[in-house]
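Raw work35.cif, mmCIF, C-alpha atoms:
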data_run
#
loop_
_atom_site.label_atom_id
_atom_site.label_comp_id
_atom_site.auth_asym_id
_atom_site.auth_seq_id
_atom_site.Cartn_x
_atom_site.Cartn_y
_atom_site.Cartn_z
CA MET A 927 -5.39 -27.23 4.69
CA ALA A 928 -6.77 -24.94 2.03
CA ALA A 929 -10.22 -23.40 2.24
CA MET A 930 -12.14 -22.47 -0.90
CA THR A 931 -13.73 -19.11 -1.47
CA ASP A 932 -17.05 -18.72 -3.25
CA GLU A 933 -15.13 -17.83 -6.40
CA GLY A 934 -13.18 -21.08 -6.22
CA ARG A 935 -9.92 -19.49 -5.18
CA SER A 936 -7.98 -21.35 -2.56
CA ILE A 937 -6.97 -19.86 0.79
CA ASP A 938 -3.92 -21.82 1.88
CA ARG A 939 -3.79 -21.79 5.66
CA THR A 940 -0.42 -23.56 5.69
CA ARG A 941 1.53 -20.82 3.92
CA PRO A 942 2.02 -17.28 5.25
CA SER A 943 0.37 -14.43 3.40
CA ILE A 944 1.90 -10.97 3.21
CA ALA A 945 -1.52 -9.39 3.65
CA ARG A 946 -2.39 -11.55 6.67
CA VAL A 947 0.98 -11.00 8.39
CA TYR A 948 0.50 -7.27 7.93
CA ASP A 949 -3.02 -7.60 9.34
CA TYR A 950 -1.61 -9.40 12.40
CA LEU A 951 1.04 -6.74 12.98
CA LEU A 952 -1.69 -4.09 12.89
CA GLY A 953 -3.68 -5.98 15.52
CA GLY A 954 -6.22 -7.54 13.14
CA THR A 955 -7.86 -10.94 13.44
CA ASP A 956 -8.01 -12.04 9.78
CA ASN A 957 -4.93 -14.26 9.98
CA TYR A 958 -3.91 -17.83 10.72
CA ALA A 959 -1.36 -19.51 12.96
CA VAL A 960 1.24 -19.59 10.18
CA ASP A 961 0.89 -15.81 9.74
CA ARG A 962 1.11 -15.14 13.46
CA GLU A 963 4.23 -17.29 13.64
CA ILE A 964 5.94 -15.05 11.10
CA GLY A 965 4.58 -11.92 12.74
CA ASP A 966 5.94 -13.10 16.06
CA VAL A 967 9.39 -13.51 14.51
CA PHE A 968 9.34 -9.80 13.69
CA LYS A 969 8.02 -8.94 17.15
CA ARG A 970 10.54 -11.14 18.95
CA ASP A 971 13.68 -10.76 16.86
CA LEU A 972 13.14 -7.21 15.67
CA PRO A 973 11.70 -5.36 18.66
CA GLY A 974 9.88 -2.25 17.54
CA SER A 975 9.33 -3.45 13.98
CA VAL A 976 5.56 -3.33 14.42
CA ALA A 977 5.98 0.46 14.37
CA ILE A 978 6.77 0.13 10.66
CA ALA A 979 3.26 -1.13 9.93
CA PHE A 980 1.59 1.59 11.98
CA ALA A 981 3.80 4.37 10.55
CA ASN A 982 2.95 3.22 7.04
CA ARG A 983 -0.77 3.09 7.73
CA ALA A 984 -0.80 6.54 9.31
CA ALA A 985 0.99 8.06 6.31
CA LEU A 986 -1.56 6.47 3.96
CA VAL A 987 -4.41 7.97 5.97
CA ARG A 988 -2.82 11.42 5.81
CA ALA A 989 -2.10 11.15 2.09
CA VAL A 990 -5.64 10.16 1.10
CA ALA A 991 -7.08 12.92 3.28
CA GLU A 992 -4.62 15.39 1.74
CA ILE A 993 -5.62 14.44 -1.80
CA VAL A 994 -9.36 14.57 -1.25
CA THR A 995 -9.36 17.80 0.76
CA THR A 996 -6.94 19.84 -1.37
CA THR A 997 -7.67 18.61 -4.92
CA ASP A 998 -10.64 17.69 -7.09
CA VAL A 999 -9.54 14.04 -7.37
CA ARG A 1000 -12.40 11.77 -6.39
CA GLN A 1001 -11.31 8.38 -7.76
CA PHE A 1002 -8.68 6.06 -6.37
CA ILE A 1003 -7.01 2.81 -7.42
CA ASP A 1004 -5.43 1.04 -4.42
CA LEU A 1005 -2.93 -1.49 -5.76
CA GLY A 1006 -2.06 -4.35 -3.40
CA SER A 1007 -4.62 -3.05 -0.94
CA GLY A 1008 -4.37 -5.88 1.60
CA LEU A 1009 -6.98 -6.88 4.13
CA PRO A 1010 -9.57 -4.30 5.17
CA THR A 1011 -8.68 -2.60 8.43
CA ALA A 1012 -9.53 0.67 10.15
CA ASP A 1013 -9.54 3.71 7.89
CA ASN A 1014 -9.52 2.07 4.48
CA VAL A 1015 -9.01 4.34 1.49
CA HIS A 1016 -12.73 4.59 0.68
CA GLN A 1017 -13.58 5.40 4.29
CA ILE A 1018 -11.03 8.20 4.46
CA ALA A 1019 -11.97 9.66 1.07
CA GLN A 1020 -15.73 9.41 1.51
CA ARG A 1021 -15.54 10.93 4.98
CA HIS A 1022 -14.52 14.16 3.25
CA ALA A 1023 -16.15 13.65 -0.17
CA PRO A 1024 -18.95 11.01 -0.22
CA GLU A 1025 -18.89 10.83 -4.01
CA SER A 1026 -15.35 9.39 -4.01
CA ARG A 1027 -14.90 6.06 -5.79
CA VAL A 1028 -12.29 3.41 -4.95
CA VAL A 1029 -11.09 0.27 -6.73
CA TYR A 1030 -9.13 -2.10 -4.50
CA VAL A 1031 -6.74 -4.53 -6.21
CA ASP A 1032 -5.17 -7.58 -4.61
CA ILE A 1033 -4.13 -11.12 -5.49
CA ASP A 1034 -4.73 -12.66 -2.06
CA PRO A 1035 -8.00 -14.70 -2.08
CA GLN A 1036 -8.77 -13.82 1.53
CA VAL A 1037 -8.55 -10.13 0.69
CA LEU A 1038 -11.07 -10.74 -2.08
CA VAL A 1039 -13.44 -12.53 0.29
CA HIS A 1040 -13.37 -9.66 2.74
CA GLY A 1041 -13.82 -7.25 -0.14
CA ARG A 1042 -17.36 -8.50 -0.55
CA THR A 1043 -18.14 -6.70 2.68
CA LEU A 1044 -16.97 -3.50 1.09
CA LEU A 1045 -19.13 -4.20 -1.95
CA ALA A 1046 -22.16 -4.88 0.20
CA GLU A 1047 -21.89 -1.68 2.16
CA ASN A 1048 -20.76 0.74 -0.51
CA ASP A 1049 -21.76 1.06 -4.16
CA ARG A 1050 -18.79 3.31 -4.92
CA THR A 1051 -16.26 0.61 -4.06
CA ARG A 1052 -15.08 -2.34 -6.13
CA VAL A 1053 -12.57 -5.13 -5.49
CA VAL A 1054 -10.54 -6.51 -8.38
CA ALA A 1055 -8.67 -9.80 -8.32
CA GLY A 1056 -5.42 -8.80 -9.94
CA ASP A 1057 -1.64 -8.92 -9.82
CA VAL A 1058 0.05 -5.52 -9.60
CA ARG A 1059 2.78 -6.93 -11.84
CA ARG A 1060 0.18 -7.25 -14.65
CA PRO A 1061 -1.27 -3.74 -14.69
CA GLU A 1062 -2.85 -4.10 -18.13
CA GLU A 1063 -5.22 -6.75 -16.74
CA VAL A 1064 -6.18 -4.52 -13.82
CA ARG A 1065 -6.76 -1.55 -16.15
CA ALA A 1066 -9.00 -3.61 -18.45
CA HIS A 1067 -10.99 -5.33 -15.69
CA PRO A 1068 -14.74 -4.65 -15.99
CA ALA A 1069 -14.96 -3.51 -12.36
CA THR A 1070 -12.19 -0.99 -12.95
CA LEU A 1071 -13.85 0.34 -16.08
CA GLU A 1072 -17.20 0.51 -14.31
CA LEU A 1073 -15.93 2.80 -11.59
CA ILE A 1074 -12.89 4.69 -12.92
CA ASP A 1075 -13.09 7.37 -15.60
CA PHE A 1076 -9.59 7.53 -17.04
CA GLU A 1077 -10.39 10.84 -18.73
CA ARG A 1078 -10.40 12.43 -15.28
CA PRO A 1079 -7.56 12.55 -12.70
CA VAL A 1080 -7.00 9.43 -10.61
CA ALA A 1081 -5.10 8.85 -7.38
CA VAL A 1082 -2.98 5.71 -7.66
CA ILE A 1083 -2.11 4.20 -4.28
CA LEU A 1084 1.03 2.05 -4.01
CA SER A 1085 1.18 1.60 -0.26
CA ALA A 1086 3.78 -0.92 0.90
CA VAL A 1087 3.49 -2.99 -2.27
CA LEU A 1088 6.44 -2.25 -4.58
CA HIS A 1089 8.99 -3.51 -2.06
CA HIS A 1090 7.44 -6.94 -2.72
CA VAL A 1091 8.28 -6.58 -6.43
CA ASN A 1092 11.80 -7.69 -7.28
CA ASP A 1093 14.03 -5.63 -9.57
CA GLU A 1094 13.71 -8.09 -12.45
CA GLU A 1095 9.93 -7.67 -12.30
CA ASP A 1096 10.36 -3.99 -13.18
CA PRO A 1097 8.60 -2.09 -10.39
CA ALA A 1098 9.38 1.21 -12.15
CA GLY A 1099 7.58 -0.14 -15.21
CA ILE A 1100 4.44 -0.71 -13.13
CA VAL A 1101 4.41 2.94 -12.05
CA ARG A 1102 5.25 4.05 -15.59
CA TYR A 1103 2.28 2.10 -16.97
CA TRP A 1104 -0.17 3.81 -14.62
CA ARG A 1105 1.49 7.19 -15.20
CA ASP A 1106 0.76 6.79 -18.90
CA GLN A 1107 -2.85 5.72 -18.26
CA VAL A 1108 -3.96 8.66 -16.14
CA PRO A 1109 -4.31 12.32 -17.15
CA PRO A 1110 -2.45 15.33 -15.77
CA GLY A 1111 -3.65 16.26 -12.30
CA SER A 1112 -3.44 12.64 -11.13
CA TYR A 1113 -1.57 11.72 -7.96
CA PHE A 1114 0.61 8.81 -6.88
CA PHE A 1115 1.12 7.89 -3.23
CA LEU A 1116 4.03 5.51 -2.63
CA SER A 1117 5.33 3.94 0.55
CA HIS A 1118 8.23 1.50 0.56
CA PHE A 1119 10.68 -0.28 2.87
CA ARG A 1120 13.62 2.07 3.23
CA SER A 1121 17.16 0.77 3.39
CA GLY A 1122 18.79 2.14 6.50
CA ASP A 1123 22.25 0.62 6.04
CA ASN A 1124 22.01 -0.77 9.56
CA PRO A 1125 21.59 -4.19 11.26
CA GLU A 1126 17.82 -3.74 11.59
CA THR A 1127 17.41 -3.32 7.84
CA ALA A 1128 19.62 -6.29 7.01
CA GLU A 1129 17.85 -8.62 9.43
CA ALA A 1130 14.37 -7.53 8.39
CA GLU A 1131 15.19 -7.96 4.71
CA GLY A 1132 16.59 -11.42 5.44
CA ILE A 1133 13.38 -12.47 7.20
CA LEU A 1134 11.31 -11.12 4.32
CA HIS A 1135 13.29 -13.13 1.77
CA GLN A 1136 13.29 -16.28 3.89
CA THR A 1137 9.55 -16.10 4.47
CA PHE A 1138 8.13 -14.97 1.14
CA GLY A 1139 11.00 -15.58 -1.27
CA ARG A 1140 10.88 -11.97 -2.43
CA GLY A 1141 11.25 -8.41 -1.25
CA ARG A 1142 13.63 -5.54 -1.91
CA TRP A 1143 14.60 -2.77 0.49
CA ARG A 1144 15.58 0.33 -1.49
CA THR A 1145 17.36 3.59 -0.76
CA ASP A 1146 15.58 6.95 -0.90
CA GLU A 1147 17.13 7.56 -4.32
CA GLU A 1148 15.94 4.19 -5.63
CA ILE A 1149 12.44 4.82 -4.27
CA ALA A 1150 12.34 8.25 -5.88
CA SER A 1151 13.42 6.73 -9.20
CA LEU A 1152 10.25 4.60 -9.18
CA LEU A 1153 8.33 7.87 -9.61
CA ASP A 1154 10.35 8.98 -12.63
CA GLY A 1155 8.41 11.39 -14.82
CA LEU A 1156 6.24 12.59 -11.94
CA GLU A 1157 6.64 15.68 -9.78
CA ILE A 1158 7.51 14.55 -6.26
CA LEU A 1159 5.84 16.96 -3.86
CA ASP A 1160 7.22 18.33 -0.60
CA PRO A 1161 8.72 17.05 1.60
CA GLY A 1162 9.94 14.46 -0.92
CA ILE A 1163 10.74 10.83 -0.10
CA VAL A 1164 11.09 10.78 3.68
CA PRO A 1165 10.51 8.37 6.58
CA ALA A 1166 6.75 7.87 6.80
CA PRO A 1167 6.24 9.67 10.14
CA LEU A 1168 7.94 12.74 8.65
CA TRP A 1169 5.60 12.85 5.67
CA ARG A 1170 3.29 15.79 6.47
CA PRO A 1171 2.68 14.80 10.11
CA ASP A 1172 -0.50 15.96 11.79
CA ASP A 1173 -0.11 19.04 13.94
CA ALA A 1174 -1.30 16.97 16.89
CA ASP A 1175 1.76 14.74 16.51
CA GLY A 1176 4.13 17.58 17.28
CA PRO A 1177 7.53 17.90 15.56
CA ARG A 1178 8.87 14.59 14.26
CA HIS A 1179 12.40 15.61 13.24
CA GLY A 1180 14.42 15.06 16.37
CA GLY A 1181 14.83 18.72 17.18
CA GLY A 1182 12.34 18.67 20.05
CA GLY A 1183 8.94 17.11 20.33
CA GLN A 1184 8.39 13.48 19.46
CA GLU A 1185 11.40 11.59 18.14
CA ILE A 1186 10.93 8.94 15.47
CA THR A 1187 12.47 5.55 16.10
CA VAL A 1188 14.97 3.65 14.00
CA TRP A 1189 12.13 1.33 13.04
CA GLU A 1190 9.90 4.15 11.82
CA ARG A 1191 12.78 5.28 9.62
CA LEU A 1192 12.62 1.96 7.76
CA ILE A 1193 9.44 2.85 5.85
CA ALA A 1194 9.47 5.82 3.48
CA ALA A 1195 6.55 7.68 1.94
CA GLY A 1196 6.06 10.21 -0.82
CA LEU A 1197 3.37 11.86 -2.90
CA ALA A 1198 3.81 12.74 -6.58
CA ARG A 1199 1.71 14.48 -9.19
CA LYS A 1200 1.47 14.06 -12.93
CA SER A 1201 1.89 17.58 -14.22
CA ALA A 1202 1.79 16.98 -17.95
#

Using structure tokens, write down the structure from this file.
Amino acid sequence: MAAMTDEGRSIDRTRPSIARVYDYLLGGTDNYAVDREIGDVFKRDLPGSVAIAFANRAALVRAVAEIVTTTDVRQFIDLGSGLPTADNVHQIAQRHAPESRVVYVDIDPQVLVHGRTLLAENDRTRVVAGDVRRPEEVRAHPATLELIDFERPVAVILSAVLHHVNDEEDPAGIVRYWRDQVPPGSYFFLSHFRSGDNPETAEAEGILHQTFGRGRWRTDEEIASLLDGLEILDPGIVPAPLWRPDDADGPRHGGGGQEITVWERLIAAGLARKSA
């Protein structure tokens, strides 16, 4: 059965949604039985895989905080933002700099419905119905133009989205488009499923393809190549828990302190800057 949003977009409750499965894995409630069924496959057949979702989210939180506290960037475009959860990009940024502005972009109609809550509570936030594979449409959207000044640096967020873009859909071209649209001093945060050349990676990638008909796990080198033309900042493309961990987390490199799991190694993160 499909429910209709106020905008006339259909929410199909019989087909799993990437955003809703992710919401379920993070402990959210904005999902349906079909999404929980897929989420339970990961939980049952790939024990520990839920750690991927949490590791990714934690890296995003750290990256946004890093950008807003160490640079003058105060505008963000979150591509493939997913369902609102704790510590959304605007909440993190505005906690440190209330003037920060955020445009969320997603194709999932349920994400757009929940985005109205963001609009209602915050006049520096907009939600755009758009496909990350058609960046020109997102760039030209009135809501984007209303909030984002492309003459000033922008932080482009690509959190756990490009691994859902197949090679033939040119994920590097998506990044290249936004690189060309923003001025020097802009930042790009990227997180991506990381090929581990192990049984866990192979099985997880198989489930992703079987469920959604798309998805591509890439090596660190392939992930880095998506940021071609940008300066990848320290510590580079690394497993998400190793990307600038909070001091409170203790060491996360296996040499003492808190070890990271094989599952946490299956999501990589990196931050890049447009220098010129």

Report task. Please write as number ranges by chain the full residue list that the PyMOL selection byres ((chain A and resi 1104) around 12) yields on this file. Result -> A: 1003-1005, 1058-1065, 1076, 1079-1084, 1097-1103, 1105-1110, 1112-1114, 1152-1156, 1200

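Using only C-alpha atoms for every distance, the candidate list A:Asp1160, A:Leu952, A:Leu1038, A:Glu1147 yields A:Leu952 as the residue closest to Ala979 in chain A.
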
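Among the candidates A:Ser1121, A:Asn1048, A:Asn957, A:Ser1201, the one nearest to Trp1189 in chain A when counting only C-alpha atoms is A:Ser1121.
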
Requested in this report: Determine the nearest neighbour of Glu1077 in chain A from the options A:Arg1142, A:Tyr950, A:Val999, A:Asp1057, counting all atoms listed in the file.
Outcome: A:Val999

Query - Test item: the PyMOL selection byres ((chain A and resi 1024) around 12) resolved as a list in words - result: Val994, Thr995, Arg1000, Gln1001, His1016, Gln1017, Ile1018, Ala1019, Gln1020, Arg1021, His1022, Ala1023, Glu1025, Ser1026, Arg1027, Val1028, Asn1048, Asp1049, Arg1050 and Thr1051 of chain A

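The closest residue to Asp956 in chain A, picked from A:Gln1036, A:Asn1014, A:Thr996, A:Ser1007 and counting all atoms listed in the file, is A:Gln1036.
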
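The shortest atom-to-atom distance to Ile1149 in chain A, with only C-alpha atoms taken into account, belongs to A:Ala1086 out of A:Ala1086, A:Val1031, A:Val1054, A:Leu986.
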
Requested in this report: List the residues matched by the PyMOL selection byres ((chain A and resi 984) around 12) in the displayed structure as a PyMOL selection string, ordered by chain and then by residue number.
Outcome: chain A and resi 952+977-983+985-991+1012-1015+1018+1085+1117+1165-1172+1175+1190+1193-1195

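Considering all atoms listed in the file, the residue among A:Phe1002, A:Tyr958, A:Phe1115, A:Trp1143 positioned nearest to Ile1074 in chain A is A:Phe1002.
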
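From CA of Pro1161 in chain A back to CA of Ile993 in chain A, the distance works out to 15.0 Å.
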
Produce the centre coordinates and the three edge lengths, each in Å to one decimal, of the box along x, y and z that contains all listed atoms of range 994-1010 of chain A with 5 Å added on each side, as AutoDock Vina command-line options.
--center_x -7.2 --center_y 6.5 --center_z -1.3 --size_x 20.3 --size_y 36.7 --size_z 22.9
